[in-house]
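Notes follow the structure.
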Amino acid sequence: MQTTAIENIARTAGDILSHAWKAVYEEEKDELTEMFKKFGDRAYGSWIQQFMTPVAERLAADGFIIRGGFNLKDSIENWGPPEERERCVWYVVKSLEGEELGTLVLQAYHSHRSFFMPRAPRILALEVTDREAIIAALSDASTRIRWDLREERMPQPQLQSIPSQRFEYATDTSIGDGLKPAADGQLYSWNLDNALGHWGRYGWELVSVVPAGGKVIAYFKRPLMD
């Protein structure tokens, strides 16, 4: 499959990013940790501000312009637990002539408990450049959850004090099939009982059901066995 111009730009930006974020973290860790203790998430803004500078400089050398650093208004943070929040920061890419070529999105994972990055940041490419369109794209999980991109996780020693019980989760998008009326127009429980019974047989617990897109999605969990 042929890659687009913005995807090629994102690849270059990602290469620079993979080195820049670690360099800033190692050089400024003590200072940023103290900043976090005093000002909270502002420390992450400073961290992003510093490591995005070489990214912007490299793109400028290649003839592409972005507004470097970190602009809070050009970002959203809606996902993940406090120990692993995901903030997406976007940068519209322009040519030297001012033509908008697409948008780079920085995924920055961070903890609200301490100054810590549970996952290495990475860069995605979007074809859209309008703010509303960018937010709409990021609101689609398939935009941000990318199985084709490498995921680098950091050791998390601070989690050792958390109770060791863990859960695994699964979904079933066909539960609604058991809620459809039979030929006589009646709803019967045995269809639903049958579907739920298969899950219960293996120790899954029904957590919630949510209607979405004309279907009913069921969420299950069970203790994760070591």
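Residues are named by chain letter and number: chains run A, B, ... in the order of the structure tokens, numbers start at 1 in each chain, and ligands are numbered from 1 in the order shown.
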Practice task
Do a neighbour search on range 145-154 of chain A at 6 Å with only C-alpha atoms, toss out local chain neighbours closer than 6 positions, and write the hits as an NGL selection string.
Solution key: :A and (118-120)
Deliver the residues from the most recent selection as a file, using N, CA and C atoms, as a PDB file, in the first residue's frame.
ATOM      1  N   PRO A 118       4.444   5.749  31.474  1.00  0.00           N
ATOM      2  CA  PRO A 118       4.283   4.297  31.375  1.00  0.00           C
ATOM      3  C   PRO A 118       4.530   3.746  29.975  1.00  0.00           C
ATOM      4  N   ARG A 119       4.340   4.587  28.959  1.00  0.00           N
ATOM      5  CA  ARG A 119       4.592   4.171  27.578  1.00  0.00           C
ATOM      6  C   ARG A 119       5.353   5.267  26.858  1.00  0.00           C
ATOM      7  N   ALA A 120       6.193   4.863  25.942  1.00  0.00           N
ATOM      8  CA  ALA A 120       6.920   5.854  25.146  1.00  0.00           C
ATOM      9  C   ALA A 120       5.934   6.610  24.259  1.00  0.00           C
TER      10      ALA A 120
END
Practice task
Run DSSP on the backbone of this structure and report the residues of range 14-154 of chain A it assigns to helix (DSSP H, G or I), as a ChimeraX atom specification.
Solution key: /A:14-39,42-61,72-74,82-84,131-138,141-144
Handout entry: Given only C-alpha atoms as the counted atoms, nearest of A:Leu126, A:Ile16, A:Val207, A:Ala60 to Tyr169 in chain A
Key = A:Val207
Handout entry: Residue contacts of Val92 in chain A (9 Å, only C-alpha atoms) excluding same-chain residues fewer than 2 positions away, as a PyMOL selection string
Key = chain A and resi 65-67+90+94+100-105+128-130
Write the residues you've just listed into a file as a short mmCIF file (atom, residue, chain, number, x, y, z; two decimals), in the first residue's frame, and include all heavy atoms for each of them.
data_model
loop_
_atom_site.label_atom_id
_atom_site.label_comp_id
_atom_site.auth_asym_id
_atom_site.auth_seq_id
_atom_site.Cartn_x
_atom_site.Cartn_y
_atom_site.Cartn_z
N ILE A 65 6.62 22.77 7.98
CA ILE A 65 6.51 23.66 9.13
C ILE A 65 5.41 23.18 10.07
O ILE A 65 4.28 22.89 9.64
CB ILE A 65 6.19 25.10 8.68
CG1 ILE A 65 7.22 25.57 7.64
CG2 ILE A 65 6.17 26.04 9.88
CD1 ILE A 65 8.66 25.54 8.11
N ILE A 66 5.75 23.09 11.35
CA ILE A 66 4.74 22.85 12.39
C ILE A 66 4.95 23.87 13.50
O ILE A 66 6.04 24.45 13.64
CB ILE A 66 4.82 21.42 12.99
CG1 ILE A 66 6.13 21.22 13.75
CG2 ILE A 66 4.62 20.38 11.92
CD1 ILE A 66 6.17 19.93 14.55
N ARG A 67 3.91 24.10 14.26
CA ARG A 67 4.03 24.94 15.45
C ARG A 67 4.57 24.05 16.56
O ARG A 67 3.86 23.28 17.17
CB ARG A 67 2.66 25.51 15.84
CG ARG A 67 2.69 26.40 17.06
CD ARG A 67 1.28 26.88 17.38
NE ARG A 67 1.26 27.74 18.56
CZ ARG A 67 0.17 28.29 19.07
NH1 ARG A 67 -1.00 28.08 18.46
NH2 ARG A 67 0.22 29.05 20.15
N TRP A 90 -1.85 17.81 18.84
CA TRP A 90 -1.76 17.80 17.37
C TRP A 90 -1.00 19.00 16.82
O TRP A 90 -0.97 20.07 17.42
CB TRP A 90 -3.14 17.69 16.73
CG TRP A 90 -4.11 18.79 17.06
CD1 TRP A 90 -4.22 20.01 16.46
CD2 TRP A 90 -5.13 18.74 18.07
NE1 TRP A 90 -5.24 20.73 17.02
CE2 TRP A 90 -5.82 19.97 18.01
CE3 TRP A 90 -5.54 17.78 19.00
CZ2 TRP A 90 -6.89 20.28 18.86
CZ3 TRP A 90 -6.60 18.08 19.85
CH2 TRP A 90 -7.25 19.32 19.77
N LYS A 94 2.48 22.27 7.51
CA LYS A 94 2.35 23.14 6.34
C LYS A 94 3.62 23.09 5.51
O LYS A 94 4.72 22.86 6.02
CB LYS A 94 2.07 24.58 6.76
CG LYS A 94 0.76 24.77 7.51
CD LYS A 94 0.55 26.24 7.86
CE LYS A 94 -0.76 26.44 8.62
NZ LYS A 94 -1.00 27.87 8.95
N GLU A 100 -1.57 23.40 3.77
CA GLU A 100 -1.75 22.43 4.85
C GLU A 100 -1.70 21.02 4.26
O GLU A 100 -2.47 20.67 3.37
CB GLU A 100 -3.08 22.67 5.57
CG GLU A 100 -3.10 24.00 6.32
CD GLU A 100 -4.38 24.20 7.10
OE1 GLU A 100 -5.37 23.49 6.83
OE2 GLU A 100 -4.40 25.07 7.99
N LEU A 101 -0.79 20.20 4.79
CA LEU A 101 -0.54 18.87 4.24
C LEU A 101 -1.17 17.75 5.06
O LEU A 101 -1.30 16.63 4.58
CB LEU A 101 0.97 18.63 4.15
CG LEU A 101 1.77 19.69 3.36
CD1 LEU A 101 3.26 19.39 3.46
CD2 LEU A 101 1.31 19.71 1.91
N GLY A 102 -1.54 18.06 6.28
CA GLY A 102 -2.09 17.05 7.17
C GLY A 102 -1.75 17.41 8.61
O GLY A 102 -1.31 18.53 8.89
N THR A 103 -1.95 16.47 9.51
CA THR A 103 -1.73 16.73 10.93
C THR A 103 -0.95 15.60 11.58
O THR A 103 -1.24 14.42 11.33
CB THR A 103 -3.08 16.89 11.67
OG1 THR A 103 -3.81 17.97 11.06
CG2 THR A 103 -2.87 17.18 13.14
N LEU A 104 0.03 15.96 12.39
CA LEU A 104 0.74 15.00 13.22
C LEU A 104 0.10 15.00 14.60
O LEU A 104 -0.22 16.06 15.14
CB LEU A 104 2.22 15.35 13.34
CG LEU A 104 3.04 15.42 12.05
CD1 LEU A 104 4.48 15.77 12.36
CD2 LEU A 104 2.96 14.09 11.30
N VAL A 105 -0.08 13.82 15.17
CA VAL A 105 -0.66 13.70 16.50
C VAL A 105 0.34 13.00 17.40
O VAL A 105 0.78 11.89 17.11
CB VAL A 105 -1.98 12.91 16.48
CG1 VAL A 105 -2.50 12.70 17.91
CG2 VAL A 105 -3.02 13.63 15.64
N VAL A 128 -6.70 15.05 7.96
CA VAL A 128 -7.49 16.25 8.20
C VAL A 128 -6.66 17.29 8.93
O VAL A 128 -5.67 16.98 9.59
CB VAL A 128 -8.76 15.92 9.01
CG1 VAL A 128 -9.66 14.98 8.22
CG2 VAL A 128 -8.40 15.29 10.36
N THR A 129 -7.08 18.57 8.83
CA THR A 129 -6.37 19.66 9.50
C THR A 129 -7.30 20.57 10.29
O THR A 129 -6.83 21.38 11.08
CB THR A 129 -5.61 20.52 8.46
OG1 THR A 129 -6.55 21.05 7.50
CG2 THR A 129 -4.55 19.70 7.73
N ASP A 130 -8.61 20.44 10.08
CA ASP A 130 -9.57 21.26 10.81
C ASP A 130 -9.70 20.75 12.25
O ASP A 130 -9.73 19.54 12.49
CB ASP A 130 -10.93 21.18 10.11
CG ASP A 130 -12.00 21.97 10.84
OD1 ASP A 130 -11.97 23.21 10.76
OD2 ASP A 130 -12.85 21.34 11.51
#
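The closest residue to Ala170 in chain A, picked from A:Ile217, A:Leu124, A:Leu59, A:Leu106 and counting only C-alpha atoms, is A:Ile217.
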Practice task
Please provide the set of residues having any atom within 7 Å of range 176-183 of chain A, restricted to only C-alpha atoms, with same-chain residues fewer than 3 positions apart removed, written as a PyMOL selection string.
Solution key: chain A and resi 186-187+191-192+215-216
Would you output that residue set with N, CA, C and O atoms, as a CSV table (one decimal), in the first residue's frame?
chain,number,residue,atom,x,y,z
A,186,GLN,N,-43.1,-12.2,20.9
A,186,GLN,CA,-42.7,-12.2,22.3
A,186,GLN,C,-41.2,-12.3,22.5
A,186,GLN,O,-40.5,-12.8,21.7
A,187,LEU,N,-40.8,-11.7,23.6
A,187,LEU,CA,-39.4,-11.8,24.0
A,187,LEU,C,-39.3,-13.0,25.0
A,187,LEU,O,-40.0,-13.1,26.0
A,191,ASN,N,-33.1,-17.4,25.1
A,191,ASN,CA,-32.0,-17.1,24.1
A,191,ASN,C,-30.9,-16.3,24.8
A,191,ASN,O,-29.7,-16.6,24.6
A,192,LEU,N,-31.3,-15.4,25.7
A,192,LEU,CA,-30.3,-14.6,26.4
A,192,LEU,C,-29.6,-15.5,27.5
A,192,LEU,O,-28.4,-15.4,27.7
A,215,LYS,N,-26.6,-2.2,17.9
A,215,LYS,CA,-26.3,-3.5,18.6
A,215,LYS,C,-26.2,-3.2,20.1
A,215,LYS,O,-26.2,-2.1,20.6
A,216,VAL,N,-26.1,-4.3,20.9
A,216,VAL,CA,-25.9,-4.3,22.3
A,216,VAL,C,-24.6,-4.9,22.6
A,216,VAL,O,-24.4,-6.1,22.3
Fill in the blank from the handout: Judged by only C-alpha atoms, the minimum distance to Val210 in chain A among A:Gln165, A:Leu196, A:Ser174, A:Glu132 is found for A:Ser174
Exercise for the section: Name all residues at most 9 Å from Val89 in chain A (count only C-alpha atoms; drop same-chain ones fewer than 4 positions away) and give them as an NGL selection string. Expected result: :A and (70-77 or 104-108)
